[in-house]
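Single-structure report; data block below.
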Amino acid sequence: MSYNTLSHFFRKGFLTYLKNYVLLYCFFLVILAKTISYIMDFESVLSNSHTKKYLKETIDTNRIAHAQLFVGEEGVGTLPMAIAYATELLCKTGDAHTAIKCAHLNHPDLHFAYPTAITTQVKDHPTSSAFLEQWRQFVLETPYGSLFDWYQAIDIANKQGKIGVDDAKEITSKLSLKSFEGGYKVMIIWMAELMNTDCANKLLKLLEEPPAETIFILVVENENALLDTILSRCQITRFHRLSQEVITEALVKQGLSQPQAQKITLRSQGNYRKALSFIGKDNDRIFEEWFVEWVRMAYSARGNKGVLPNLLAWCEKIAKEGRETQKLFLEYCLEVFRQALLANYGADSLVYMEFQSNFKIENFAPFVHHNNIAEIQRNIEEAIYHIERNGNSKLILTDLSIKLTRLIHAKV
């Protein structure tokens, strides 16, 4: 075989190999984009239809405010929607790979800031960039996750996270650079109400005089915790709790039957994160046992000091469980109290909880009424708050139990 023939053979083989490699790579990118499009696609992100329609119209009509505030409770899709909105903006001037880079959360014109704290790995001046890999993993795996979920992901569940002045300096530095693709730059600040005063004041200057083609999206649960001067410079979009249809449809796509999905939807109360937490978990039986034991002891403890040691032993038993289990149990208790209130006031069509023991909601209902439900709810929610922040579970549950002994005897 001559040299020219051999050279032609190898060139042809290499070109065939290269062509097949490029085709395979493109196929992989398409599959990957479809796999993770749930977080970047307007249609796939869970939200009520009127909210999606409004946000899409602002892009289509080019009425895009440079500072936007997405306000919504946990589990209603504010963060996924912020990413979907940013993706749409960046794709206006991007190329075929823009959406894929946004789906990976590594587009050079898509920036994030979020609460952080000192950990065993990051000991000095924690900033969002120091936790970027954990952030990407957290959002891709749990896009509807809560602040507490994020703290657990970076192992700071016993600390208070914040967005500090060092983050503000990073934000200023990132946004001072030219856009990588010649279009918008988007900064998403998640849980922006946790900015400290120095950070908020520094950010205020950017909001007043933003760099060209720069969009801020502040995602918050409590807008009242923001400075009034920041609120006044933002266009506000409010996200309401998700409709039953939206959550049920999403759960059916997760593989649940229609009856299972509807039951979980009712319990989730418009919170998709909470709905996901109910899937595949058989906590109700043990939670029911704990709850019945708890309220019976709390009721009989009044005027009967002999019950108090048993009540304290119950608190110690629950305190030995993991914090997430304690939190889920207290949320279950809230749910039972609300159901009892509905039953007490004749709203039987809204009572959906089923119990496996001889506990009857109609027998318990008269003890839950307008004179005690607000205090019961407030105290349980406070207990959840302190448990999330690594408070002493035994003391928290003991305090809650003593208060319940009084509240459950409140007169109508």
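Naming works like this for the structure tokens: A, B, ... for the chains as they're shown, residue 1 at the start of each chain, ligands 1 onward in shown order.
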
**Request:** Show which residues sit within 10 Å of stretch 97-113 of chain A, as JSON, numbers by chain. Count only C-alpha atoms, and ignore same-chain residues fewer than 6 positions away.
**Result:** {"A": [29, 30, 32, 33, 34, 35, 36, 37, 38, 39, 40, 41, 83, 84, 86, 87, 88, 90, 91, 127, 128, 129, 131, 132, 133, 135, 136, 137, 139, 140, 163, 164, 167, 168, 170, 171, 174, 175, 177, 178, 179, 180, 181, 182, 183, 184, 185, 186, 187, 188, 189, 190, 191, 192, 195, 214, 215, 216, 217, 218]}

**Prompt:** Which polymer residues have any atom within 10 Å of an atom of A:Phe329, counting only C-alpha atoms, with same-chain residues fewer than 2 positions away left out, as a VMD selection string?
**Reply:** chain A and resid 283 to 284 286 to 288 290 to 291 318 323 to 327 331 to 335 384

**Message:** Counting only C-alpha atoms, which residue out of A:Ser300, A:Gln160, A:Ser176, A:Ser268 sits closest to A:Ile402?
**Reply:** A:Ser300

**Message:** So, with only C-alpha atoms as the atoms that count, which of A:Asp399, A:Glu43, A:Glu221, A:Glu321 lies closest to A:Glu382?
**Reply:** A:Asp399

**Request:** Return the single residue from A:Arg406, A:Arg273, A:His240, A:His369 that is closest to A:Asn344, with distances computed using only C-alpha atoms.
**Result:**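 Ranked by minimum distance to A:Asn344, first place goes to A:His369.
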
**Computed interatomic separation between atom CA of A:Glu249 and atom CA of A:Leu69 (Å)** =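 Computed distance, atom CA of A:Glu249 to atom CA of A:Leu69, equals 27.5 Å.
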
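The interatomic distance for the pair atom CA of A:Thr61 and atom CA of A:Leu226 works out to 29.1 Å.
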
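Shortest atom-to-atom contact with A:Phe239 among A:Val252, A:Val219, A:Ile373, A:Ile59: A:Val219, counting only C-alpha atoms.
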
**Item:** Residue contacts of A:Trp150 (10 Å, only C-alpha atoms) excluding same-chain residues fewer than 6 positions away, as a list in words
**Value:**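 Neighbouring residues, sequence-local ones excluded: Tyr114, Pro115, Thr116, Gln134, Trp135, Phe138, Val139, Thr142, Ile156, Ala157 and Gly161 of chain A.
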
For the interface of stretch 183-282 of chain A with stretch 353-365 of chain A (cut-off 12 Å, counting only C-alpha atoms), please tabulate each contacting residue of stretch 183-282 of chain A alongside its nearest pair of atoms and their separation in Å to one decimal, rows sorted by chain and increasing number, as JSON lines.
{"residue": "A:Lys263", "atom": "CA", "partner": "A:Met353", "partner_atom": "CA", "distance": 8.8}
{"residue": "A:Ile264", "atom": "CA", "partner": "A:Met353", "partner_atom": "CA", "distance": 10.4}
{"residue": "A:Leu266", "atom": "CA", "partner": "A:Met353", "partner_atom": "CA", "distance": 9.3}
{"residue": "A:Arg267", "atom": "CA", "partner": "A:Met353", "partner_atom": "CA", "distance": 8.4}

**Item:** Atomic separation - atom CA of A:Cys234 relative to atom CA of A:Glu209, Å
**Value:**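 Distance between the two atoms: 12.9 Å.
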